[in-house]
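Q: entry36.cif is the file, holding mmCIF, C-alpha atoms:
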```cif
data_final
loop_
_atom_site.label_atom_id
_atom_site.label_comp_id
_atom_site.auth_asym_id
_atom_site.auth_seq_id
_atom_site.Cartn_x
_atom_site.Cartn_y
_atom_site.Cartn_z
CA MET A 10 190.02 120.46 56.51
CA THR A 11 193.10 122.10 55.06
CA GLY A 12 195.15 119.00 54.49
CA PRO A 13 198.85 118.66 53.89
CA SER A 14 200.18 117.50 50.52
CA GLU A 15 198.14 114.32 50.66
CA PHE A 16 194.55 115.56 50.35
CA ARG A 17 192.26 112.86 51.70
CA VAL A 18 188.96 112.20 49.95
CA ASP A 19 188.02 108.75 51.28
CA PRO A 20 187.92 108.50 55.10
CA ASP A 21 187.78 104.67 55.04
CA VAL A 22 191.09 104.35 53.24
CA ASP A 23 192.75 106.64 50.73
CA LEU A 24 195.78 105.14 49.00
CA ARG A 25 197.06 108.65 48.14
CA VAL A 26 197.73 109.04 51.89
CA PRO A 27 201.04 107.24 52.70
CA ALA A 28 199.95 106.18 56.21
CA ASP A 29 196.80 104.58 54.79
CA ARG A 30 198.85 102.69 52.18
CA ARG A 31 201.13 101.30 54.89
CA GLU A 32 198.62 100.43 57.62
CA LEU A 33 197.31 97.13 56.24
CA PRO A 34 200.67 95.53 55.36
CA ALA A 35 202.09 96.74 58.70
CA HIS A 36 199.32 95.43 61.00
CA PRO A 37 196.82 93.35 59.00
CA ALA A 38 195.22 91.49 61.90
CA ALA A 39 194.96 94.55 64.15
CA VAL A 40 193.53 96.81 61.42
CA LEU A 41 190.92 94.31 60.23
CA GLY A 42 190.17 93.30 63.82
CA VAL A 43 189.40 96.82 65.04
CA ILE A 44 187.34 97.52 61.88
CA ALA A 45 185.28 94.39 62.57
CA ALA A 46 184.86 95.27 66.26
CA GLY A 47 183.88 98.85 65.46
CA GLY A 48 181.53 97.65 62.73
CA VAL A 49 179.75 95.36 65.20
CA LEU A 50 179.24 98.22 67.69
CA GLY A 51 177.99 100.58 65.00
CA ALA A 52 175.65 98.00 63.45
CA LEU A 53 174.13 97.05 66.82
CA ALA A 54 173.51 100.72 67.66
CA ARG A 55 171.85 101.16 64.25
CA ALA A 56 169.71 98.03 64.68
CA GLY A 57 168.64 99.19 68.15
CA LEU A 58 167.53 102.59 66.88
CA GLN A 59 165.74 101.10 63.87
CA ALA A 60 163.89 98.65 66.14
CA ALA A 61 162.92 101.45 68.53
CA PHE A 62 161.58 103.69 65.73
CA PRO A 63 160.02 101.47 63.04
CA HIS A 64 158.29 102.92 59.98
CA PRO A 65 155.59 101.57 57.60
CA PRO A 66 156.60 100.90 53.94
CA THR A 67 155.01 104.17 52.82
CA GLY A 68 156.33 106.17 55.79
CA PHE A 69 159.45 108.30 56.12
CA PRO A 70 162.33 106.21 57.56
CA TRP A 71 163.18 108.65 60.35
CA ALA A 72 165.46 106.28 62.26
CA THR A 73 167.75 105.52 59.30
CA PHE A 74 167.64 109.20 58.26
CA GLY A 75 168.78 110.26 61.73
CA ILE A 76 171.45 107.54 61.86
CA ASN A 77 172.96 108.53 58.53
CA VAL A 78 172.95 112.27 59.28
CA ALA A 79 174.40 111.72 62.78
CA GLY A 80 177.10 109.44 61.35
CA CYS A 81 178.04 112.14 58.81
CA LEU A 82 178.26 114.78 61.54
CA LEU A 83 180.58 112.52 63.53
CA ILE A 84 182.82 111.55 60.58
CA GLY A 85 183.26 115.25 59.75
CA ALA A 86 184.30 115.97 63.33
CA LEU A 87 186.46 112.85 63.67
CA MET A 88 188.47 113.48 60.50
CA ALA A 89 189.00 117.15 61.45
CA VAL A 90 190.38 116.07 64.83
CA LEU A 91 192.59 113.36 63.32
CA THR A 92 193.94 115.76 60.69
CA ALA A 93 194.85 118.35 63.35
CA ARG A 94 196.06 115.88 65.96
CA PRO A 95 197.27 112.61 64.44
CA ALA A 96 196.40 109.71 66.74
CA GLY A 97 197.41 106.05 66.90
CA PRO A 98 197.27 103.97 63.70
CA LEU A 99 194.12 102.11 64.78
CA VAL A 100 191.96 105.11 65.72
CA ARG A 101 190.65 105.92 62.22
CA PRO A 102 190.11 102.21 61.34
CA PHE A 103 188.18 101.62 64.58
CA LEU A 104 186.10 104.81 64.85
CA GLY A 105 185.79 105.90 61.22
CA VAL A 106 185.80 102.69 59.16
CA GLY A 107 184.32 100.47 61.87
CA VAL A 108 181.95 102.33 64.20
CA LEU A 109 180.70 105.08 61.86
CA GLY A 110 180.85 102.94 58.72
CA GLY A 111 178.91 100.19 60.50
CA PHE A 112 176.47 102.68 62.06
CA THR A 113 175.51 104.40 58.81
CA THR A 114 174.08 102.44 55.93
CA PHE A 115 173.50 103.06 52.26
CA SER A 116 171.79 99.74 51.39
CA THR A 117 168.86 100.35 53.77
CA TYR A 118 168.57 103.88 52.38
CA ALA A 119 168.33 102.58 48.79
CA VAL A 120 166.01 99.67 49.60
CA ASP A 121 163.66 101.76 51.80
CA ALA A 122 163.34 104.30 48.98
CA GLN A 123 162.70 101.53 46.44
CA ARG A 124 160.05 99.95 48.68
CA ALA A 125 158.32 103.29 49.21
CA ILE A 126 158.11 103.70 45.42
CA ALA A 127 156.79 100.12 45.05
CA ALA A 128 154.24 100.77 47.82
CA GLY A 129 152.87 103.76 45.91
CA ALA A 130 154.57 106.58 47.82
CA PRO A 131 157.04 108.06 45.29
CA GLY A 132 156.76 111.47 46.97
CA THR A 133 157.97 110.05 50.28
CA ALA A 134 160.79 108.20 48.47
CA LEU A 135 161.93 111.36 46.68
CA ALA A 136 161.76 113.44 49.87
CA TYR A 137 163.73 110.78 51.75
CA LEU A 138 166.40 110.49 49.01
CA ALA A 139 166.86 114.26 48.82
CA ALA A 140 166.64 114.97 52.56
CA THR A 141 169.29 112.35 53.38
CA LEU A 142 171.64 113.74 50.73
CA ALA A 143 171.21 117.33 51.91
CA GLY A 144 171.33 116.36 55.60
CA ALA A 145 174.44 114.20 55.12
CA LEU A 146 176.43 116.88 53.29
CA LEU A 147 175.42 119.63 55.74
CA ALA A 148 176.26 117.33 58.65
CA VAL A 149 179.77 116.53 57.36
CA TRP A 150 180.38 120.25 56.87
CA ALA A 151 178.98 121.14 60.32
CA GLY A 152 180.93 118.38 62.10
CA ASP A 153 184.13 119.59 60.48
CA ALA A 154 183.42 123.26 61.21
CA VAL A 155 182.52 122.73 64.88
CA ALA A 156 185.53 120.46 65.50
CA ALA A 157 187.86 122.93 63.75
CA ARG A 158 186.55 125.78 65.92
CA LEU A 159 186.97 123.76 69.13
CA LEU A 160 190.48 122.73 68.10
CA ALA A 161 191.41 126.35 67.36
CA ARG A 162 190.03 127.44 70.75
CA ALA A 163 191.99 124.67 72.49
CA ARG A 164 195.17 125.78 70.69
CA GLY A 165 194.52 129.39 71.66
CA GLY A 166 194.07 128.35 75.29
CA ALA A 167 197.28 126.34 75.23
CA ASP A 168 199.23 129.32 73.85
CA ARG A 169 198.20 131.64 76.70
CA MET B 26 170.30 85.41 68.90
CA THR B 27 169.38 88.30 66.60
CA VAL B 28 172.10 90.41 68.20
CA LEU B 29 174.71 87.72 67.54
CA LEU B 30 173.66 87.36 63.90
CA ILE B 31 173.80 91.14 63.32
CA ALA B 32 177.24 91.21 64.99
CA LEU B 33 178.49 88.33 62.85
CA GLY B 34 177.27 89.95 59.63
CA ALA B 35 178.78 93.31 60.56
CA ALA B 36 182.10 91.71 61.56
CA VAL B 37 182.39 90.49 57.95
CA GLY B 38 180.77 93.45 56.18
CA ALA B 39 182.86 96.28 57.66
CA PRO B 40 186.32 94.75 56.93
CA LEU B 41 185.08 93.70 53.47
CA ARG B 42 184.23 97.36 52.73
CA TYR B 43 187.77 98.38 53.70
CA LEU B 44 189.41 95.59 51.66
CA THR B 45 187.20 96.21 48.61
CA ASP B 46 187.91 99.95 48.79
CA ARG B 47 191.68 99.28 48.86
CA ALA B 48 191.48 96.75 46.02
CA VAL B 49 189.42 99.07 43.78
CA GLN B 50 191.66 102.09 44.50
CA ALA B 51 194.79 100.07 43.72
CA ARG B 52 193.45 99.49 40.18
CA HIS B 53 192.95 103.09 39.08
CA ALA B 54 194.45 106.54 39.66
CA SER B 55 191.24 108.60 39.48
CA PRO B 56 190.26 110.68 42.53
CA PHE B 57 186.66 109.51 42.01
CA PRO B 58 185.77 107.18 44.93
CA TRP B 59 184.93 104.09 42.89
CA GLY B 60 185.62 101.79 45.86
CA THR B 61 182.85 103.23 48.02
CA LEU B 62 180.47 103.29 45.04
CA THR B 63 181.24 99.59 44.48
CA VAL B 64 180.37 98.49 48.03
CA ASN B 65 177.30 100.73 48.21
CA VAL B 66 175.86 99.43 44.94
CA ALA B 67 176.74 95.78 45.71
CA GLY B 68 175.18 96.02 49.18
CA SER B 69 172.03 97.63 47.77
CA LEU B 70 171.70 94.81 45.23
CA VAL B 71 172.02 92.12 47.91
CA LEU B 72 169.66 93.87 50.33
CA GLY B 73 167.14 94.39 47.53
CA ALA B 74 167.18 90.63 46.92
CA VAL B 75 166.93 89.82 50.63
CA ALA B 76 163.93 92.17 50.92
CA ALA B 77 162.15 90.32 48.08
CA LEU B 78 162.69 86.81 49.42
CA PRO B 79 160.49 85.19 52.06
CA THR B 80 163.51 85.00 54.35
CA SER B 81 163.51 84.22 58.06
CA PRO B 82 164.25 86.99 60.59
CA ALA B 83 167.60 85.26 61.18
CA VAL B 84 168.70 85.73 57.54
CA THR B 85 167.48 89.35 57.57
CA ALA B 86 169.53 90.04 60.70
CA LEU B 87 172.69 88.29 59.44
CA VAL B 88 172.73 89.30 55.76
CA GLY B 89 170.56 92.43 55.77
CA THR B 90 171.07 94.39 58.98
CA GLY B 91 174.53 93.02 59.77
CA PHE B 92 176.39 92.34 56.52
CA CYS B 93 174.77 94.75 54.03
CA GLY B 94 174.37 97.44 56.69
CA ALA B 95 178.07 97.40 57.62
CA LEU B 96 179.32 96.83 54.06
CA THR B 97 177.56 99.99 52.87
CA THR B 98 178.01 103.47 54.31
CA TRP B 99 176.64 106.99 54.17
CA SER B 100 179.32 108.55 56.38
CA THR B 101 182.05 107.72 53.85
CA LEU B 102 179.90 108.84 50.89
CA GLY B 103 179.01 112.13 52.59
CA TYR B 104 182.59 112.90 53.61
CA GLU B 105 183.99 112.07 50.16
CA THR B 106 181.45 114.31 48.46
CA VAL B 107 182.26 117.28 50.71
CA ARG B 108 186.00 116.69 50.26
CA LEU B 109 185.79 116.44 46.46
CA HIS B 110 183.89 119.74 46.45
CA ARG B 111 186.46 121.35 48.75
CA GLU B 112 189.30 120.07 46.56
CA GLY B 113 187.75 122.01 43.69
CA ARG B 114 186.41 118.91 41.95
CA ARG B 115 182.81 120.10 41.82
CA GLY B 116 181.86 117.79 38.94
CA HIS B 117 183.25 114.75 40.75
CA ALA B 118 181.37 115.72 43.93
CA LEU B 119 178.06 116.11 42.11
CA ALA B 120 178.59 112.90 40.14
CA ASN B 121 179.56 110.99 43.30
CA ALA B 122 176.31 111.94 45.05
CA LEU B 123 173.97 111.52 42.08
CA VAL B 124 175.54 108.37 40.60
CA SER B 125 175.61 106.72 44.04
CA ILE B 126 171.92 107.43 44.62
CA ALA B 127 170.80 106.47 41.10
CA ALA B 128 172.95 103.32 40.99
CA GLY B 129 171.96 102.33 44.55
CA LEU B 130 168.27 102.71 43.77
CA GLY B 131 168.74 100.82 40.50
CA ALA B 132 170.64 98.03 42.27
CA ALA B 133 167.97 97.73 44.99
CA THR B 134 165.28 97.51 42.30
CA GLY B 135 167.33 95.04 40.26
CA GLY B 136 168.04 92.84 43.28
CA TYR B 137 164.34 92.83 44.15
CA ALA B 138 163.32 91.91 40.58
CA LEU B 139 166.04 89.28 40.26
CA ALA B 140 165.04 87.55 43.51
CA HIS B 141 161.39 87.57 42.40
CA ALA B 142 162.29 86.12 39.00
CA VAL B 143 164.42 83.35 40.51
CA THR B 144 161.88 82.30 43.14
CA GLY B 145 158.94 82.76 40.80
#
```
Could you render the structure as structure tokens?
A:
Amino acid sequence: MTGPSEFRVDPDVDLRVPADRRELPAHPAAVLGVIAAGGVLGALARAGLQAAFPHPPTGFPWATFGINVAGCLLIGALMAVLTARPAGPLVRPFLGVGVLGGFTTFSTYAVDAQRAIAAGAPGTALAYLAATLAGALLAVWAGDAVAARLLARARGGADR
Amino acid sequence: MTVLLIALGAAVGAPLRYLTDRAVQARHASPFPWGTLTVNVAGSLVLGAVAALPTSPAVTALVGTGFCGALTTWSTLGYETVRLHREGRRGHALANALVSIAAGLGAATGGYALAHAVTG
């Protein structure tokens, strides 16, 4: 994650990154189109997993927890790869903004926690809120670290 | 049918997150990710209201699972928080995580209460 002069914070779009500033004016239909398409794929995968692993109002939302942590692992890895090996202008919009942004969800996280509190399970709500935060941050870090190691190994192999 | 409604909602929600993020960032110079906070809080408010209303499964799929689900994001929030920390902005990173969670929970509760008040 050692970036060049433009240090990216926001993986969706960061206007301090020149390429991000230019992408929408340059290809508005393509950028918004691939974000929409990726968002549909991510949302359908999320809905499928949530339907397969339902939870009661007082229960721990394991499906959404797993979705959000997995999405964080993948965004960490994706951004590490794209920083080391810049790809086409639609790759980050499609995979990062669309697929992973559509796959993970914050609104369901907040509402599930609120409903657990309302249903008389504040302990479950607190555990869920904290576990998702810790899991998400560790996952971003791990995704970045693993991708960076694989990229370094690939570079080492190419040098030999 | 449910699949189509989720797809339709997500096809609007994901690009709206990107456009909102750009619009919010264009209005300030702070490294704090206000754009992502905006979509996450707004989506939590709407989903809180949807959860309180006696809505049909079709509305839940379109507005809840599709639109709110794709408008809001944990992957972006998680990445931003790690990056702010790595950039040396520890206070921003901590604030981003805690304010997002507190404001999201508040918005979900507010949306729920508002929908109840309106429908009686």
Q: Determine, counting all atoms listed in the file, every residue of protein, DNA or RNA that lies within 12 Å of (184.8, 105.8, 48.8) in the file coordinates, then give the result as a VMD selection string.
A: (chain A and resid 17 to 24 106 110) or (chain B and resid 42 to 50 55 to 66 96 to 109 118 121 to 122 125)
Q: Quick one: distance from CA of Val108 in chain A to CA of Val49 in chain A in Å, one decimal?
A: 7.4 Å
Q: Go through A:Ala145, A:Ile44, A:Leu159, A:Val26 and flag the residue nearest Gly80 in chain A, using all atoms listed in the file for the distances.
A: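 Looking at the shortest contact to Gly80 in chain A, the residue is A:Ala145.
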Q: Step by step, work through what the PyMOL selection byres ((chain A and resi 58) around 12) selects in the shown file, and finish by giving those residues as a list of chain:residue names.
A: A:Gly51, A:Ala52, A:Leu53, A:Ala54, A:Arg55, A:Ala56, A:Gly57, A:Gln59, A:Ala60, A:Ala61, A:Phe62, A:Pro63, A:His64, A:Pro70, A:Trp71, A:Ala72, A:Thr73, A:Phe74, A:Gly75, A:Ile76, A:Asn77, A:Phe112, A:Thr113, B:Thr90
Q: For Leu78 in chain B, please output as an NGL selection string all residues within 12 Å (counting all atoms listed in the file; exclusion window: fewer than 4 positions along the same chain).
A: :B and (71-74 or 82 or 84-85 or 89 or 136-145)
Q: Any chance you could work out the residue set of the PyMOL selection byres ((chain A and resi 97-103) around 6) here, as a PyMOL selection string?
A: chain A and resi 43-44+47+96+104-107
Q: Quick one: everything within 12 Å of range 160-162 of chain A, counting only C-alpha atoms, minus sequence neighbours fewer than 2 positions away in the same chain. Send it as a ChimeraX atom specification.
A: /A:10,86-87,89-94,153-158,164-169
Q: Those same residues, written as a PDB file, in the coordinates of the input with C-alpha atoms?
A:
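Listed below is the output, part-v4.pdb:
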```pdb
ATOM      1  CA  MET A  10     190.020 120.460  56.510  1.00  0.00           C
ATOM      2  CA  ALA A  86     184.300 115.970  63.330  1.00  0.00           C
ATOM      3  CA  LEU A  87     186.460 112.850  63.670  1.00  0.00           C
ATOM      4  CA  ALA A  89     189.000 117.150  61.450  1.00  0.00           C
ATOM      5  CA  VAL A  90     190.380 116.070  64.830  1.00  0.00           C
ATOM      6  CA  LEU A  91     192.590 113.360  63.320  1.00  0.00           C
ATOM      7  CA  THR A  92     193.940 115.760  60.690  1.00  0.00           C
ATOM      8  CA  ALA A  93     194.850 118.350  63.350  1.00  0.00           C
ATOM      9  CA  ARG A  94     196.060 115.880  65.960  1.00  0.00           C
ATOM     10  CA  ASP A 153     184.130 119.590  60.480  1.00  0.00           C
ATOM     11  CA  ALA A 154     183.420 123.260  61.210  1.00  0.00           C
ATOM     12  CA  VAL A 155     182.520 122.730  64.880  1.00  0.00           C
ATOM     13  CA  ALA A 156     185.530 120.460  65.500  1.00  0.00           C
ATOM     14  CA  ALA A 157     187.860 122.930  63.750  1.00  0.00           C
ATOM     15  CA  ARG A 158     186.550 125.780  65.920  1.00  0.00           C
ATOM     16  CA  ARG A 164     195.170 125.780  70.690  1.00  0.00           C
ATOM     17  CA  GLY A 165     194.520 129.390  71.660  1.00  0.00           C
ATOM     18  CA  GLY A 166     194.070 128.350  75.290  1.00  0.00           C
ATOM     19  CA  ALA A 167     197.280 126.340  75.230  1.00  0.00           C
ATOM     20  CA  ASP A 168     199.230 129.320  73.850  1.00  0.00           C
ATOM     21  CA  ARG A 169     198.200 131.640  76.700  1.00  0.00           C
TER      22      ARG A 169
END
```
Q: I would like the residues chosen by the PyMOL selection byres ((chain B and resi 39) around 6) on the shown file; could you give them as a ChimeraX atom specification?
A: /A:45,48 /B:35,37-38,40-42,95-96
Q: Expressed in Å to a single decimal, how great is the separation between CA of Val78 in chain A and CA of Val75 in chain B?
A: 24.8 Å
Q: CA of Ala133 in chain B to CA of Ser81 in chain B: how many Å, to one decimal?
A: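 So the answer is 19.3 Å.
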Q: Restricting the calculation to all atoms listed in the file: of A:Pro34, A:Gly42, A:Gly111, A:Pro95, which residue gets closest to chain B?
A: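 Nearest candidate to chain B out of A:Pro34, A:Gly42, A:Gly111, A:Pro95: A:Gly111.
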Q: Extending 4 Å beyond the listed atoms of range 118-125 of chain B on each side, what axis-aligned box results? I want centre and edge lengths in Å to one decimal, as JSON.
A:
```
{"center_x": 177.7, "center_y": 111.4, "center_z": 42.6, "size_x": 15.4, "size_y": 17.4, "size_z": 12.9}
```
Q: Taking all atoms listed in the file into account, name the residue in B:His117, B:Met26, B:Gly94, B:Thr80 that is nearest to chain A.
A: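 Smallest separation from chain A among the options: B:Gly94.
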Q: Could you check which of B:Ala51, B:Leu123, B:Leu87, B:Leu130 is closest to Ile31 in chain B, using all atoms listed in the file?
A: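 Nearest to Ile31 in chain B: B:Leu87.
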Q: Using only C-alpha atoms, which of A:Gly85, A:Pro66, A:Gly129, A:Gly152 sits nearest chain B?
A: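 The shortest atom-to-atom distance to chain B comes from A:Gly85.
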Q: Near range 134-140 of chain A, within 7 Å and counting only C-alpha atoms, which residues show up once chain neighbours fewer than 5 positions away are dropped, as a ChimeraX atom specification?
A: /A:69,122,125-126
Q: Nearest residue to Ala86 in chain B out of B:Gly34, B:Gly116, B:Gly68, B:Gly129, using all atoms listed in the file?
A: B:Gly34
Q: Add whatever atoms are absent from range 78-109 of chain A to reach N, CA and C atoms, and provide the output as a CSV table (one decimal), in the frame of the given file.
A:
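The result, written out as out09.csv:
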```csv
chain,number,residue,atom,x,y,z
A,78,VAL,N,172.5,110.9,59.1
A,78,VAL,CA,173.0,112.3,59.3
A,78,VAL,C,173.9,112.4,60.5
A,79,ALA,N,173.5,111.7,61.6
A,79,ALA,CA,174.4,111.7,62.8
A,79,ALA,C,175.8,111.1,62.5
A,80,GLY,N,175.8,110.1,61.7
A,80,GLY,CA,177.1,109.4,61.4
A,80,GLY,C,178.0,110.4,60.5
A,81,CYS,N,177.3,111.2,59.6
A,81,CYS,CA,178.0,112.1,58.8
A,81,CYS,C,178.6,113.3,59.7
A,82,LEU,N,177.8,113.7,60.6
A,82,LEU,CA,178.3,114.8,61.5
A,82,LEU,C,179.5,114.3,62.3
A,83,LEU,N,179.5,113.1,62.7
A,83,LEU,CA,180.6,112.5,63.5
A,83,LEU,C,181.8,112.2,62.7
A,84,ILE,N,181.6,111.8,61.4
A,84,ILE,CA,182.8,111.6,60.6
A,84,ILE,C,183.5,112.9,60.2
A,85,GLY,N,182.7,113.9,60.0
A,85,GLY,CA,183.3,115.2,59.8
A,85,GLY,C,184.1,115.7,60.9
A,86,ALA,N,183.6,115.6,62.1
A,86,ALA,CA,184.3,116.0,63.3
A,86,ALA,C,185.5,115.1,63.6
A,87,LEU,N,185.4,113.8,63.4
A,87,LEU,CA,186.5,112.8,63.7
A,87,LEU,C,187.6,113.1,62.7
A,88,MET,N,187.4,113.3,61.4
A,88,MET,CA,188.5,113.5,60.5
A,88,MET,C,189.2,114.8,60.7
A,89,ALA,N,188.4,115.8,61.1
A,89,ALA,CA,189.0,117.2,61.4
A,89,ALA,C,190.0,117.0,62.6
A,90,VAL,N,189.5,116.3,63.7
A,90,VAL,CA,190.4,116.1,64.8
A,90,VAL,C,191.6,115.3,64.5
A,91,LEU,N,191.4,114.2,63.7
A,91,LEU,CA,192.6,113.4,63.3
A,91,LEU,C,193.6,114.1,62.4
A,92,THR,N,193.1,115.0,61.6
A,92,THR,CA,193.9,115.8,60.7
A,92,THR,C,194.8,116.7,61.5
A,93,ALA,N,194.1,117.4,62.5
A,93,ALA,CA,194.8,118.4,63.4
A,93,ALA,C,195.8,117.7,64.4
A,94,ARG,N,195.3,116.6,64.9
A,94,ARG,CA,196.1,115.9,66.0
A,94,ARG,C,196.2,114.4,65.6
A,95,PRO,N,197.1,114.0,64.8
A,95,PRO,CA,197.3,112.6,64.4
A,95,PRO,C,197.3,111.7,65.7
A,96,ALA,N,196.5,110.6,65.6
A,96,ALA,CA,196.4,109.7,66.7
A,96,ALA,C,197.1,108.4,66.4
A,97,GLY,N,196.8,107.4,67.2
A,97,GLY,CA,197.4,106.0,66.9
A,97,GLY,C,196.9,105.5,65.6
A,98,PRO,N,197.6,104.5,65.0
A,98,PRO,CA,197.3,104.0,63.7
A,98,PRO,C,195.9,103.2,63.6
A,99,LEU,N,195.4,102.9,64.8
A,99,LEU,CA,194.1,102.1,64.8
A,99,LEU,C,192.9,103.0,65.1
A,100,VAL,N,193.1,104.3,65.3
A,100,VAL,CA,192.0,105.1,65.7
A,100,VAL,C,191.0,105.3,64.6
A,101,ARG,N,191.5,105.7,63.4
A,101,ARG,CA,190.6,105.9,62.2
A,101,ARG,C,190.0,104.6,61.8
A,102,PRO,N,190.8,103.5,61.7
A,102,PRO,CA,190.1,102.2,61.3
A,102,PRO,C,189.0,101.8,62.3
A,103,PHE,N,189.2,102.0,63.6
A,103,PHE,CA,188.2,101.6,64.6
A,103,PHE,C,187.0,102.6,64.5
A,104,LEU,N,187.2,103.9,64.7
A,104,LEU,CA,186.1,104.8,64.8
A,104,LEU,C,185.5,105.2,63.5
A,105,GLY,N,186.3,105.4,62.5
A,105,GLY,CA,185.8,105.9,61.2
A,105,GLY,C,185.3,104.8,60.3
A,106,VAL,N,186.2,103.8,60.0
A,106,VAL,CA,185.8,102.7,59.2
A,106,VAL,C,184.8,101.8,59.9
A,107,GLY,N,185.1,101.4,61.1
A,107,GLY,CA,184.3,100.5,61.9
A,107,GLY,C,183.0,101.1,62.4
A,108,VAL,N,183.1,101.9,63.5
A,108,VAL,CA,182.0,102.3,64.2
A,108,VAL,C,181.0,103.2,63.3
A,109,LEU,N,181.6,104.2,62.7
A,109,LEU,CA,180.7,105.1,61.9
A,109,LEU,C,180.3,104.4,60.5
```
